Every structure is written in C-alpha cells, then in structure tokens.
>>> print(open('protein.cif').read())   # mmCIF, C-alpha atoms
data_my_file
loop_
_atom_site.group_PDB
_atom_site.id
_atom_site.type_symbol
_atom_site.label_atom_id
_atom_site.label_comp_id
_atom_site.auth_asym_id
_atom_site.auth_seq_id
_atom_site.Cartn_x
_atom_site.Cartn_y
_atom_site.Cartn_z
ATOM 1 C CA MET A 1 20.499 -7.703 4.150
ATOM 2 C CA PRO A 2 18.727 -5.182 1.879
ATOM 3 C CA THR A 3 20.828 -2.073 1.421
ATOM 4 C CA ASP A 4 17.888 0.227 0.884
ATOM 5 C CA THR A 5 16.916 -0.135 4.546
ATOM 6 C CA LEU A 6 20.335 0.683 5.973
ATOM 7 C CA PRO A 7 20.749 3.888 7.977
ATOM 8 C CA ASN A 8 23.507 6.102 6.692
ATOM 9 C CA PRO A 9 26.296 5.730 9.265
ATOM 10 C CA GLY A 10 28.517 8.211 7.493
ATOM 11 C CA THR A 11 29.372 11.784 8.193
ATOM 12 C CA ASP A 12 27.246 14.458 9.741
ATOM 13 C CA PRO A 13 25.789 16.873 7.146
ATOM 14 C CA GLU A 14 27.721 19.778 8.686
ATOM 15 C CA LYS A 15 31.004 17.923 8.124
ATOM 16 C CA THR A 16 30.493 16.594 4.612
ATOM 17 C CA PRO A 17 27.539 17.920 2.633
ATOM 18 C CA ALA A 18 25.700 15.369 0.532
ATOM 19 C CA GLY A 19 27.376 14.918 -2.812
ATOM 20 C CA SER A 20 30.586 16.664 -1.736
ATOM 21 C CA THR A 21 33.627 15.843 -3.814
ATOM 22 C CA GLY A 22 37.273 16.661 -3.909
ATOM 23 C CA GLU A 23 40.371 15.575 -2.116
ATOM 24 C CA LEU A 24 39.880 14.370 1.456
ATOM 25 C CA ILE A 25 43.220 12.701 2.281
ATOM 26 C CA ARG A 26 46.667 13.663 1.028
ATOM 27 C CA LEU A 27 50.067 12.200 1.836
ATOM 28 C CA GLU A 28 53.044 14.146 0.478
ATOM 29 C CA GLN A 29 56.581 12.771 0.514
ATOM 30 C CA VAL A 30 55.740 10.637 3.542
ATOM 31 C CA THR A 31 58.631 8.515 4.783
ATOM 32 C CA LYS A 32 58.528 6.106 7.704
ATOM 33 C CA ARG A 33 61.490 4.127 8.992
ATOM 34 C CA PHE A 34 61.856 1.492 11.665
ATOM 35 C CA GLY A 35 65.547 1.518 12.414
ATOM 36 C CA SER A 36 67.364 0.949 9.152
ATOM 37 C CA ASN A 37 64.217 -0.393 7.468
ATOM 38 C CA THR A 38 62.350 2.151 5.308
ATOM 39 C CA VAL A 39 58.734 0.974 5.143
ATOM 40 C CA LEU A 40 57.364 4.048 3.332
ATOM 41 C CA ASP A 41 59.655 5.813 0.900
ATOM 42 C CA HIS A 42 58.663 9.412 0.028
ATOM 43 C CA LEU A 43 55.103 8.329 -0.619
ATOM 44 C CA ASP A 44 52.641 10.589 -2.451
ATOM 45 C CA PHE A 45 48.969 9.769 -2.871
ATOM 46 C CA SER A 46 45.510 11.188 -2.278
ATOM 47 C CA VAL A 47 41.958 9.939 -1.775
ATOM 48 C CA ASP A 48 38.871 11.860 -2.859
ATOM 49 C CA ALA A 49 35.816 12.203 -0.640
ATOM 50 C CA GLY A 50 33.375 9.326 -0.948
ATOM 51 C CA LYS A 51 35.799 7.048 -2.765
ATOM 52 C CA HIS A 52 36.768 3.508 -1.789
ATOM 53 C CA VAL A 53 40.475 2.848 -2.213
ATOM 54 C CA THR A 54 42.069 -0.555 -1.581
ATOM 55 C CA LEU A 55 45.756 -1.091 -0.894
ATOM 56 C CA ILE A 56 47.152 -4.437 -2.015
ATOM 57 C CA GLY A 57 50.623 -5.891 -2.023
ATOM 58 C CA PRO A 58 52.873 -8.280 -0.123
ATOM 59 C CA SER A 59 53.213 -8.248 3.652
ATOM 60 C CA GLY A 60 55.705 -5.634 4.775
ATOM 61 C CA SER A 61 55.126 -3.336 1.810
ATOM 62 C CA GLY A 62 53.849 -0.476 3.991
ATOM 63 C CA LYS A 63 50.073 -0.750 3.608
ATOM 64 C CA THR A 64 49.129 -1.030 7.278
ATOM 65 C CA THR A 65 51.705 1.609 8.186
ATOM 66 C CA ILE A 66 49.687 4.129 6.156
ATOM 67 C CA LEU A 67 46.558 3.361 8.170
ATOM 68 C CA ARG A 68 48.457 3.591 11.458
ATOM 69 C CA LEU A 69 49.833 6.990 10.429
ATOM 70 C CA LEU A 70 46.336 8.243 9.659
ATOM 71 C CA MET A 71 45.155 6.941 13.032
ATOM 72 C CA THR A 72 48.085 8.810 14.678
ATOM 73 C CA LEU A 73 49.353 5.547 16.134
ATOM 74 C CA LEU A 74 52.633 6.324 14.356
ATOM 75 C CA LYS A 75 54.299 9.538 13.227
ATOM 76 C CA PRO A 76 56.069 9.940 9.885
ATOM 77 C CA ASP A 77 59.774 10.672 9.839
ATOM 78 C CA GLU A 78 59.322 13.016 6.885
ATOM 79 C CA GLY A 79 56.489 14.502 4.876
ATOM 80 C CA THR A 80 52.995 15.851 5.548
ATOM 81 C CA ILE A 81 49.568 14.273 5.981
ATOM 82 C CA THR A 82 46.398 16.295 5.422
ATOM 83 C CA VAL A 83 42.789 15.278 6.104
ATOM 84 C CA ASP A 84 39.883 17.435 4.960
ATOM 85 C CA GLY A 85 42.199 20.394 4.418
ATOM 86 C CA GLN A 86 43.715 20.221 7.912
ATOM 87 C CA GLN A 87 47.230 19.002 8.601
ATOM 88 C CA LEU A 88 47.474 15.860 10.682
ATOM 89 C CA PHE A 89 51.295 15.908 10.599
ATOM 90 C CA PRO A 90 52.974 18.130 11.458
ATOM 91 C CA ALA A 91 50.386 19.743 13.730
ATOM 92 C CA SER A 92 49.738 20.751 17.318
ATOM 93 C CA ASP A 93 48.306 18.172 19.704
ATOM 94 C CA LYS A 94 44.995 20.042 19.713
ATOM 95 C CA GLN A 95 44.730 19.981 15.924
ATOM 96 C CA VAL A 96 45.695 16.311 15.808
ATOM 97 C CA ARG A 97 42.836 15.510 18.211
ATOM 98 C CA GLU A 98 40.363 17.467 16.077
ATOM 99 C CA VAL A 99 41.456 15.882 12.797
ATOM 100 C CA ARG A 100 41.557 12.460 14.414
ATOM 101 C CA LYS A 101 37.796 12.701 15.098
ATOM 102 C CA LYS A 102 37.230 12.544 11.352
ATOM 103 C CA ILE A 103 38.807 9.076 11.117
ATOM 104 C CA GLY A 104 37.563 5.671 12.262
ATOM 105 C CA MET A 105 39.394 2.375 12.026
ATOM 106 C CA VAL A 106 38.516 -1.304 12.222
ATOM 107 C CA PHE A 107 41.526 -3.401 13.181
ATOM 108 C CA GLN A 108 42.542 -7.006 12.536
ATOM 109 C CA GLN A 109 41.883 -7.719 16.209
ATOM 110 C CA PHE A 110 38.519 -6.584 17.513
ATOM 111 C CA ASN A 111 39.845 -4.601 20.529
ATOM 112 C CA LEU A 112 36.458 -4.505 22.259
ATOM 113 C CA PHE A 113 36.315 -3.692 25.963
ATOM 114 C CA PRO A 114 35.649 -7.111 27.552
ATOM 115 C CA ASN A 115 34.072 -5.659 30.706
ATOM 116 C CA MET A 116 31.497 -3.617 28.763
ATOM 117 C CA THR A 117 28.317 -4.739 27.044
ATOM 118 C CA VAL A 118 28.068 -4.483 23.278
ATOM 119 C CA LEU A 119 25.917 -1.366 23.612
ATOM 120 C CA ARG A 120 28.378 0.353 25.951
ATOM 121 C CA ASN A 121 31.303 -0.541 23.680
ATOM 122 C CA ILE A 122 29.585 1.471 20.960
ATOM 123 C CA THR A 123 28.262 4.374 23.040
ATOM 124 C CA GLU A 124 31.346 5.066 25.166
ATOM 125 C CA ALA A 125 33.328 7.160 22.668
ATOM 126 C CA PRO A 126 30.393 9.193 21.248
ATOM 127 C CA VAL A 127 29.497 10.231 24.802
ATOM 128 C CA THR A 128 33.005 10.919 26.135
ATOM 129 C CA VAL A 129 34.656 12.270 22.961
ATOM 130 C CA LEU A 130 31.816 13.820 20.949
ATOM 131 C CA GLY A 131 29.694 14.895 23.899
ATOM 132 C CA LEU A 132 26.520 13.131 22.760
ATOM 133 C CA SER A 133 23.854 12.603 25.363
ATOM 134 C CA LYS A 134 23.462 9.022 26.514
ATOM 135 C CA ASP A 135 20.046 8.804 24.837
ATOM 136 C CA GLU A 136 21.445 10.048 21.515
ATOM 137 C CA ALA A 137 24.368 7.643 21.699
ATOM 138 C CA VAL A 138 22.118 4.699 22.513
ATOM 139 C CA GLU A 139 19.769 5.518 19.643
ATOM 140 C CA ARG A 140 22.707 5.758 17.246
ATOM 141 C CA ALA A 141 24.232 2.515 18.549
ATOM 142 C CA LYS A 142 21.000 0.559 18.253
ATOM 143 C CA GLY A 143 20.544 1.707 14.671
ATOM 144 C CA LEU A 144 24.081 0.575 13.819
ATOM 145 C CA LEU A 145 23.659 -2.770 15.566
ATOM 146 C CA ASP A 146 20.518 -3.325 13.529
ATOM 147 C CA MET A 147 22.489 -2.443 10.403
ATOM 148 C CA VAL A 148 25.176 -5.049 11.133
ATOM 149 C CA GLY A 149 22.618 -7.699 12.081
ATOM 150 C CA LEU A 150 23.169 -7.690 15.844
ATOM 151 C CA ALA A 151 20.118 -5.841 17.163
ATOM 152 C CA ASP A 152 19.535 -8.608 19.716
ATOM 153 C CA LYS A 153 23.056 -8.444 21.205
ATOM 154 C CA CYS A 154 22.927 -5.065 22.994
ATOM 155 C CA ASP A 155 23.320 -6.588 26.453
ATOM 156 C CA ALA A 156 25.830 -9.297 25.530
ATOM 157 C CA HIS A 157 29.517 -9.078 26.426
ATOM 158 C CA PRO A 158 32.228 -9.650 23.786
ATOM 159 C CA ALA A 159 33.143 -13.074 25.205
ATOM 160 C CA GLN A 160 29.600 -14.250 24.438
ATOM 161 C CA LEU A 161 29.975 -13.443 20.723
ATOM 162 C CA SER A 162 31.647 -15.241 17.850
ATOM 163 C CA GLY A 163 34.655 -13.639 16.183
ATOM 164 C CA GLY A 164 32.516 -12.513 13.263
ATOM 165 C CA GLN A 165 29.984 -10.939 15.600
ATOM 166 C CA GLN A 166 32.736 -9.164 17.523
ATOM 167 C CA GLN A 167 34.130 -7.738 14.302
ATOM 168 C CA ARG A 168 30.682 -6.485 13.300
ATOM 169 C CA VAL A 169 30.427 -4.759 16.690
ATOM 170 C CA ALA A 170 33.841 -3.198 16.011
ATOM 171 C CA ILE A 171 32.538 -1.902 12.668
ATOM 172 C CA ALA A 172 29.474 -0.411 14.383
ATOM 173 C CA ARG A 173 31.705 1.155 17.037
ATOM 174 C CA ALA A 174 33.854 2.858 14.394
ATOM 175 C CA LEU A 175 30.792 4.163 12.549
ATOM 176 C CA ALA A 176 29.203 5.477 15.751
ATOM 177 C CA MET A 177 31.718 8.324 15.689
ATOM 178 C CA ARG A 178 30.367 9.405 12.270
ATOM 179 C CA PRO A 179 33.853 9.533 10.740
ATOM 180 C CA GLN A 180 34.493 10.991 7.329
ATOM 181 C CA VAL A 181 37.042 8.248 6.683
ATOM 182 C CA LEU A 182 36.781 4.563 7.586
ATOM 183 C CA LEU A 183 40.065 2.632 7.654
ATOM 184 C CA LEU A 184 39.890 -1.159 7.339
ATOM 185 C CA ASP A 185 42.999 -3.141 8.238
ATOM 186 C CA GLU A 186 42.703 -6.792 7.185
ATOM 187 C CA VAL A 187 39.438 -6.972 9.107
ATOM 188 C CA THR A 188 38.820 -10.648 8.289
ATOM 189 C CA SER A 189 42.332 -12.000 8.870
ATOM 190 C CA ALA A 190 41.619 -13.091 12.462
ATOM 191 C CA LEU A 191 38.339 -14.811 11.592
ATOM 192 C CA ASP A 192 37.574 -18.445 10.913
ATOM 193 C CA PRO A 193 36.883 -18.900 7.180
ATOM 194 C CA GLU A 194 33.151 -19.532 7.659
ATOM 195 C CA LEU A 195 32.770 -16.158 9.423
ATOM 196 C CA VAL A 196 34.487 -14.049 6.756
ATOM 197 C CA ALA A 197 31.568 -13.785 4.330
ATOM 198 C CA GLY A 198 29.201 -12.222 6.887
ATOM 199 C CA VAL A 199 31.647 -9.462 7.798
ATOM 200 C CA LEU A 200 32.459 -8.721 4.153
ATOM 201 C CA ASP A 201 28.740 -8.547 3.334
ATOM 202 C CA VAL A 202 28.276 -5.877 6.025
ATOM 203 C CA LEU A 203 31.158 -3.848 4.571
ATOM 204 C CA ARG A 204 29.776 -4.219 1.044
ATOM 205 C CA ASP A 205 26.434 -2.845 2.261
ATOM 206 C CA ILE A 206 28.179 0.126 3.878
ATOM 207 C CA ALA A 207 30.204 0.802 0.720
ATOM 208 C CA ARG A 208 27.133 0.649 -1.522
ATOM 209 C CA SER A 209 24.614 2.480 0.639
ATOM 210 C CA THR A 210 26.634 5.329 2.212
ATOM 211 C CA ASP A 211 28.962 8.089 1.073
ATOM 212 C CA ILE A 212 31.674 7.329 3.615
ATOM 213 C CA THR A 213 35.256 7.361 2.323
ATOM 214 C CA MET A 214 36.992 4.000 2.755
ATOM 215 C CA LEU A 215 40.678 3.109 2.749
ATOM 216 C CA CYS A 216 41.081 -0.652 2.916
ATOM 217 C CA VAL A 217 43.997 -3.059 3.326
ATOM 218 C CA THR A 218 42.952 -6.587 2.424
ATOM 219 C CA HIS A 219 43.998 -9.869 0.854
ATOM 220 C CA GLU A 220 40.349 -10.576 -0.029
ATOM 221 C CA MET A 221 40.714 -9.767 -3.707
ATOM 222 C CA ASN A 222 37.106 -10.456 -4.694
ATOM 223 C CA PHE A 223 35.981 -8.026 -1.992
ATOM 224 C CA ALA A 224 38.495 -5.449 -3.254
ATOM 225 C CA ARG A 225 37.187 -5.881 -6.796
ATOM 226 C CA ASP A 226 33.593 -5.425 -5.605
ATOM 227 C CA ILE A 227 33.914 -2.284 -3.494
ATOM 228 C CA SER A 228 36.885 -0.338 -4.855
ATOM 229 C CA ASP A 229 36.939 2.752 -7.024
ATOM 230 C CA GLN A 230 40.733 2.534 -7.135
ATOM 231 C CA VAL A 231 43.300 -0.134 -6.278
ATOM 232 C CA LEU A 232 46.884 0.724 -5.342
ATOM 233 C CA MET A 233 49.594 -1.932 -5.646
ATOM 234 C CA PHE A 234 52.374 -1.491 -3.078
ATOM 235 C CA ASP A 235 55.856 -2.921 -3.067
ATOM 236 C CA SER A 236 58.782 -1.907 -0.840
ATOM 237 C CA GLY A 237 57.046 1.198 0.509
ATOM 238 C CA ARG A 238 56.026 2.614 -2.847
ATOM 239 C CA ILE A 239 52.970 2.567 -5.086
ATOM 240 C CA ILE A 240 54.119 0.747 -8.195
ATOM 241 C CA GLU A 241 50.769 0.599 -10.014
ATOM 242 C CA SER A 242 47.289 2.037 -9.574
ATOM 243 C CA GLY A 243 44.005 2.001 -11.406
ATOM 244 C CA PRO A 244 40.379 0.892 -11.320
ATOM 245 C CA PRO A 245 39.843 -2.686 -10.117
ATOM 246 C CA GLU A 246 38.933 -4.031 -13.546
ATOM 247 C CA LYS A 247 42.293 -2.830 -14.863
ATOM 248 C CA ILE A 248 44.453 -3.962 -11.927
ATOM 249 C CA PHE A 249 42.858 -7.394 -11.556
ATOM 250 C CA SER A 250 42.287 -8.201 -15.226
ATOM 251 C CA ASP A 251 45.092 -6.434 -17.108
ATOM 252 C CA PRO A 252 47.869 -5.146 -14.814
ATOM 253 C CA GLU A 253 50.793 -3.455 -16.518
ATOM 254 C CA LEU A 254 53.639 -4.690 -14.327
ATOM 255 C CA ASP A 255 55.062 -8.176 -13.921
ATOM 256 C CA ARG A 256 55.338 -7.582 -10.161
ATOM 257 C CA THR A 257 51.598 -6.937 -9.916
ATOM 258 C CA ARG A 258 50.831 -10.023 -11.987
ATOM 259 C CA GLU A 259 53.125 -12.131 -9.789
ATOM 260 C CA PHE A 260 51.441 -10.933 -6.622
ATOM 261 C CA LEU A 261 47.935 -11.467 -7.952
ATOM 262 C CA SER A 262 48.754 -14.941 -9.244
ATOM 263 C CA ALA A 263 49.822 -15.862 -5.700
ATOM 264 C CA VAL A 264 46.683 -14.574 -3.964
ATOM 265 C CA LEU A 265 43.875 -15.152 -6.453
#
>>> encode(input="protein.cif", output="structure tokens")
Amino acid sequence: MPTDTLPNPGTDPEKTPAGSTGELIRLEQVTKRFGSNTVLDHLDFSVDAGKHVTLIGPSGSGKTTILRLLMTLLKPDEGTITVDGQQLFPASDKQVREVRKKIGMVFQQFNLFPNMTVLRNITEAPVTVLGLSKDEAVERAKGLLDMVGLADKCDAHPAQLSGGQQQRVAIARALAMRPQVLLLDEVTSALDPELVAGVLDVLRDIARSTDITMLCVTHEMNFARDISDQVLMFDSGRIIESGPPEKIFSDPELDRTREFLSAVL
C-alpha cells in the first residue's frame, strides 16, 4: 500500500497545526493500585506531539494501565494526567469529556458493534459525539476504509470479516474521530499469526504518512523498532530504561532489559 496516497487521518488543523511540536501528554507522579498491588508507582513521563512512543516490558508491568488511564477507563489513585495542556485527572466531568475527544484507542479485542455495518461502526461516533453531518461522516469513513484496504466492505457486518479485517475497521473507527493521540494496546495479540502482518503494515503506513501521536503497547519488537521515536522499558510499574529504538534493542544498559528482550526477540 503506497503511503503517498494515504489520506491524513490525523488531527484537524484547528486542533494541531501542521508541524506543531512540544509536549502533548504528561503523567506526573501517577500511582494506580488494585487492592494491595501497585501497578504504577509514582510514574513520570511525557510524550511530545507527533512522536511515536512504544511501551515494552513483561505482562503486569503497568503498560496497558497507562493506556486505560488515558482513555478514562480507570482513574489514578494519585498524581495528575495532562493532555494538550488540559488536565484529564483531576478534572470535572465536562473537561474529561472534552479532553477525551482528543484520544482514540485500538484495543486487543475489536469491540465492533455486531448489529451495525462496517460503515455505521465508523460513522456512529463522529455523528453522535462530534456532530458531523451524516454525509461528512460517510465521506470520512470511506476514505479511511480505503486507507486500510477495506473499501469494498462498507456494507458488511463484523461477523462476515476475518479478525485482521475487523481490527483494520477498528483502526479506521478510532481515526474517524480525528484524535490527536492514538493508543494501541497489543492490537495483534488476538489475531491468527498469518493476519498480523497486514494489520502492522496499516499501522506502519499511518505512522510514516501522518503526524498523529502514537502511544503503543506491543510485543511485536520488529514493529516497535520500525515505528518508534522512543522506547520505554517498564518493570514493576516504573520506567527502568528509555531511549531511541536502536539503543534499546541493540545496546540496552540494564540487565533486566537485556533479559526481557532475549525472551521476546
């Protein structure tokens, strides 16, 4: 799929001017506990606009919890989260709803509405949440379906699609909201191995051809190496090492990082 023909599914010009830089996401002293288990321990980190940051580390190290906090599916027990200069936590319900519009997420499971066609799955939120006209939403959805290689599936229902096709619809659905941030949570983990490459190719095209900010949790290390500006190694709710992918994957500083990578590469 040639990247030079892809529509830019990223942010509206009024939200993020072309070439904008600077900090877009900040977590300060964020702590999250489940009972006696501390999954994030006074975590500090930030992501600049337009950057692609991948979180790696063992299961249970807190990576997905970060994405769920940004999606407001969870609330932190301590600390603050800021997106595009606006607080996500703590904040009023109204402000949370406004900030939440800036963030899209693609989950491990596709979470498509089974009773809706592919086209309606993608147009529903832009119409009901953003107030787009039906014609505008349909035009946007068709462009995104073309981008992910599913232009001929507008009238299909999710049950008629393969897992890889459903995940590509889920990617298009997230992008239809024109988020400033795209969160990717192990998006290939529920797919059969032969379907993984097609989904990762779509995400590579998005990373290379748009200015959307991406925060990715994955065990696909070659994909992480390809698309990342920065890789963060997590262990026990903390970032223990960070750096560009060539440094983390080829010459990590810590034994713990080397042990993890030797197990997954």
>>> closest_residue(input="protein.cif", among="A:Gly143, A:Gly149, A:Gly60, A:Pro76", to="Arg33 (chain A)", atoms="all atoms listed in the file")
A:Pro76
>>> resolve_selection(input="protein.cif", expression="the PyMOL selection byres ((chain A and resi 67) around 10)", output="list in words")
Gly62, Lys63, Thr64, Thr65, Ile66, Arg68, Leu69, Leu70, Met71, Thr72, Leu73, Leu74, Met105, Phe107, Leu182, Leu183, Leu184, Asp185, Leu215, Cys216 and Val217 of chain A
>>> residues_around(input="protein.cif", residues="region 127-137 of chain A", least_positions_apart="3", cutoff="8 Å", atoms="all atoms listed in the file", output="list of chain:residue names")
A:Thr123, A:Glu124, A:Arg140, A:Ala141, A:Ala176, A:Met177
>>> residues_near_point(input="protein.cif", point="(45.9, 14.4, 11.1)", cutoff="10 Å", atoms="only C-alpha atoms", output="mmCIF file with C-alpha atoms, in the frame of the given file")
data_model
loop_
_atom_site.group_PDB
_atom_site.id
_atom_site.type_symbol
_atom_site.label_atom_id
_atom_site.label_comp_id
_atom_site.auth_asym_id
_atom_site.auth_seq_id
_atom_site.Cartn_x
_atom_site.Cartn_y
_atom_site.Cartn_z
ATOM 1 C CA ILE A 25 43.220 12.701 2.281
ATOM 2 C CA LEU A 69 49.833 6.990 10.429
ATOM 3 C CA LEU A 70 46.336 8.243 9.659
ATOM 4 C CA MET A 71 45.155 6.941 13.032
ATOM 5 C CA THR A 72 48.085 8.810 14.678
ATOM 6 C CA LYS A 75 54.299 9.538 13.227
ATOM 7 C CA THR A 80 52.995 15.851 5.548
ATOM 8 C CA ILE A 81 49.568 14.273 5.981
ATOM 9 C CA THR A 82 46.398 16.295 5.422
ATOM 10 C CA VAL A 83 42.789 15.278 6.104
ATOM 11 C CA ASP A 84 39.883 17.435 4.960
ATOM 12 C CA GLY A 85 42.199 20.394 4.418
ATOM 13 C CA GLN A 86 43.715 20.221 7.912
ATOM 14 C CA GLN A 87 47.230 19.002 8.601
ATOM 15 C CA LEU A 88 47.474 15.860 10.682
ATOM 16 C CA PHE A 89 51.295 15.908 10.599
ATOM 17 C CA PRO A 90 52.974 18.130 11.458
ATOM 18 C CA ALA A 91 50.386 19.743 13.730
ATOM 19 C CA SER A 92 49.738 20.751 17.318
ATOM 20 C CA ASP A 93 48.306 18.172 19.704
ATOM 21 C CA GLN A 95 44.730 19.981 15.924
ATOM 22 C CA VAL A 96 45.695 16.311 15.808
ATOM 23 C CA ARG A 97 42.836 15.510 18.211
ATOM 24 C CA GLU A 98 40.363 17.467 16.077
ATOM 25 C CA VAL A 99 41.456 15.882 12.797
ATOM 26 C CA ARG A 100 41.557 12.460 14.414
ATOM 27 C CA LYS A 101 37.796 12.701 15.098
ATOM 28 C CA LYS A 102 37.230 12.544 11.352
ATOM 29 C CA ILE A 103 38.807 9.076 11.117
#
>>> resolve_selection(input="protein.cif", expression="the PyMOL selection byres ((chain A and resi 154) around 6)", output="ChimeraX atom specification")
/A:118-119,152-153,155-156
>>> residues_around(input="protein.cif", residues="Ile248 (chain A)", least_positions_apart="2", cutoff="12 Å", atoms="only C-alpha atoms", output="number ranges by chain")
A: 54-57, 221, 224-225, 228-233, 240-246, 250-258, 260-261
>>> resolve_selection(input="protein.cif", expression="the PyMOL selection byres ((chain A and resi 237) around 8)", output="list in words")
Thr38, Val39, Leu40, Asp41, Leu43, Ser61, Gly62, Lys63, Phe234, Asp235, Ser236, Arg238 and Ile239 of chain A
>>> closest_residue(input="protein.cif", among="A:Val53, A:Leu145, A:Leu150, A:Leu161", to="Ala207 (chain A)", atoms="only C-alpha atoms")
A:Val53
>>> atom_distance(input="protein.cif", atom1="CA of Pro126 (chain A)", atom2="CA of Gln108 (chain A)")
22.0 Å
>>> atom_distance(input="protein.cif", atom1="CA of Glu23 (chain A)", atom2="CA of Ser46 (chain A)")
6.8 Å
>>> decode(input="protein.cif", residues="region 127-154 of chain A", atoms="N, CA and C atoms", output="PDB file, in the first residue's frame")
ATOM      1  N   VAL A 127     -20.796  11.243  14.193  1.00  0.00           N
ATOM      2  CA  VAL A 127     -22.102  11.902  14.105  1.00  0.00           C
ATOM      3  C   VAL A 127     -22.628  12.250  15.494  1.00  0.00           C
ATOM      4  N   THR A 128     -22.606  11.279  16.421  1.00  0.00           N
ATOM      5  CA  THR A 128     -23.250  11.488  17.720  1.00  0.00           C
ATOM      6  C   THR A 128     -22.384  12.282  18.694  1.00  0.00           C
ATOM      7  N   VAL A 129     -21.060  12.154  18.588  1.00  0.00           N
ATOM      8  CA  VAL A 129     -20.167  12.831  19.541  1.00  0.00           C
ATOM      9  C   VAL A 129     -19.627  14.141  18.975  1.00  0.00           C
ATOM     10  N   LEU A 130     -19.195  14.118  17.717  1.00  0.00           N
ATOM     11  CA  LEU A 130     -18.592  15.318  17.124  1.00  0.00           C
ATOM     12  C   LEU A 130     -19.608  16.202  16.413  1.00  0.00           C
ATOM     13  N   GLY A 131     -20.785  15.656  16.135  1.00  0.00           N
ATOM     14  CA  GLY A 131     -21.807  16.448  15.465  1.00  0.00           C
ATOM     15  C   GLY A 131     -21.608  16.580  13.971  1.00  0.00           C
ATOM     16  N   LEU A 132     -20.832  15.698  13.351  1.00  0.00           N
ATOM     17  CA  LEU A 132     -20.684  15.720  11.902  1.00  0.00           C
ATOM     18  C   LEU A 132     -22.009  15.378  11.241  1.00  0.00           C
ATOM     19  N   SER A 133     -22.227  15.928  10.070  1.00  0.00           N
ATOM     20  CA  SER A 133     -23.386  15.503   9.292  1.00  0.00           C
ATOM     21  C   SER A 133     -23.152  14.071   8.815  1.00  0.00           C
ATOM     22  N   LYS A 134     -24.225  13.386   8.497  1.00  0.00           N
ATOM     23  CA  LYS A 134     -24.084  12.005   8.032  1.00  0.00           C
ATOM     24  C   LYS A 134     -23.230  11.946   6.777  1.00  0.00           C
ATOM     25  N   ASP A 135     -23.425  12.903   5.858  1.00  0.00           N
ATOM     26  CA  ASP A 135     -22.650  12.897   4.615  1.00  0.00           C
ATOM     27  C   ASP A 135     -21.157  13.078   4.895  1.00  0.00           C
ATOM     28  N   GLU A 136     -20.830  14.010   5.805  1.00  0.00           N
ATOM     29  CA  GLU A 136     -19.426  14.222   6.160  1.00  0.00           C
ATOM     30  C   GLU A 136     -18.819  12.971   6.784  1.00  0.00           C
ATOM     31  N   ALA A 137     -19.580  12.352   7.691  1.00  0.00           N
ATOM     32  CA  ALA A 137     -19.075  11.161   8.367  1.00  0.00           C
ATOM     33  C   ALA A 137     -18.870  10.014   7.390  1.00  0.00           C
ATOM     34  N   VAL A 138     -19.785   9.856   6.456  1.00  0.00           N
ATOM     35  CA  VAL A 138     -19.661   8.787   5.466  1.00  0.00           C
ATOM     36  C   VAL A 138     -18.453   9.028   4.563  1.00  0.00           C
ATOM     37  N   GLU A 139     -18.268  10.263   4.146  1.00  0.00           N
ATOM     38  CA  GLU A 139     -17.105  10.578   3.300  1.00  0.00           C
ATOM     39  C   GLU A 139     -15.800  10.281   4.037  1.00  0.00           C
ATOM     40  N   ARG A 140     -15.740  10.676   5.305  1.00  0.00           N
ATOM     41  CA  ARG A 140     -14.549  10.421   6.107  1.00  0.00           C
ATOM     42  C   ARG A 140     -14.334   8.912   6.272  1.00  0.00           C
ATOM     43  N   ALA A 141     -15.401   8.191   6.566  1.00  0.00           N
ATOM     44  CA  ALA A 141     -15.299   6.746   6.792  1.00  0.00           C
ATOM     45  C   ALA A 141     -14.839   6.018   5.538  1.00  0.00           C
ATOM     46  N   LYS A 142     -15.374   6.397   4.402  1.00  0.00           N
ATOM     47  CA  LYS A 142     -14.989   5.726   3.155  1.00  0.00           C
ATOM     48  C   LYS A 142     -13.519   5.970   2.829  1.00  0.00           C
ATOM     49  N   GLY A 143     -13.048   7.185   3.089  1.00  0.00           N
ATOM     50  CA  GLY A 143     -11.632   7.461   2.875  1.00  0.00           C
ATOM     51  C   GLY A 143     -10.739   6.611   3.773  1.00  0.00           C
ATOM     52  N   LEU A 144     -11.161   6.422   5.026  1.00  0.00           N
ATOM     53  CA  LEU A 144     -10.380   5.617   5.964  1.00  0.00           C
ATOM     54  C   LEU A 144     -10.444   4.138   5.610  1.00  0.00           C
ATOM     55  N   LEU A 145     -11.602   3.666   5.183  1.00  0.00           N
ATOM     56  CA  LEU A 145     -11.698   2.265   4.760  1.00  0.00           C
ATOM     57  C   LEU A 145     -10.822   2.000   3.544  1.00  0.00           C
ATOM     58  N   ASP A 146     -10.758   2.956   2.637  1.00  0.00           N
ATOM     59  CA  ASP A 146      -9.845   2.818   1.506  1.00  0.00           C
ATOM     60  C   ASP A 146      -8.401   2.759   1.992  1.00  0.00           C
ATOM     61  N   MET A 147      -8.076   3.586   2.977  1.00  0.00           N
ATOM     62  CA  MET A 147      -6.724   3.625   3.518  1.00  0.00           C
ATOM     63  C   MET A 147      -6.317   2.284   4.134  1.00  0.00           C
ATOM     64  N   VAL A 148      -7.249   1.618   4.811  1.00  0.00           N
ATOM     65  CA  VAL A 148      -6.905   0.352   5.467  1.00  0.00           C
ATOM     66  C   VAL A 148      -7.201  -0.855   4.579  1.00  0.00           C
ATOM     67  N   GLY A 149      -7.519  -0.602   3.308  1.00  0.00           N
ATOM     68  CA  GLY A 149      -7.684  -1.684   2.349  1.00  0.00           C
ATOM     69  C   GLY A 149      -9.007  -2.403   2.413  1.00  0.00           C
ATOM     70  N   LEU A 150     -10.061  -1.711   2.874  1.00  0.00           N
ATOM     71  CA  LEU A 150     -11.364  -2.361   3.027  1.00  0.00           C
ATOM     72  C   LEU A 150     -12.476  -1.540   2.368  1.00  0.00           C
ATOM     73  N   ALA A 151     -12.157  -0.882   1.268  1.00  0.00           N
ATOM     74  CA  ALA A 151     -13.137  -0.020   0.609  1.00  0.00           C
ATOM     75  C   ALA A 151     -14.369  -0.789   0.149  1.00  0.00           C
ATOM     76  N   ASP A 152     -14.227  -2.091  -0.067  1.00  0.00           N
ATOM     77  CA  ASP A 152     -15.341  -2.894  -0.570  1.00  0.00           C
ATOM     78  C   ASP A 152     -16.169  -3.535   0.537  1.00  0.00           C
ATOM     79  N   LYS A 153     -15.903  -3.178   1.802  1.00  0.00           N
ATOM     80  CA  LYS A 153     -16.574  -3.836   2.927  1.00  0.00           C
ATOM     81  C   LYS A 153     -17.543  -2.914   3.665  1.00  0.00           C
ATOM     82  N   CYS A 154     -17.932  -1.806   3.060  1.00  0.00           N
ATOM     83  CA  CYS A 154     -18.795  -0.831   3.744  1.00  0.00           C
ATOM     84  C   CYS A 154     -20.071  -1.467   4.284  1.00  0.00           C
TER      85      CYS A 154
END
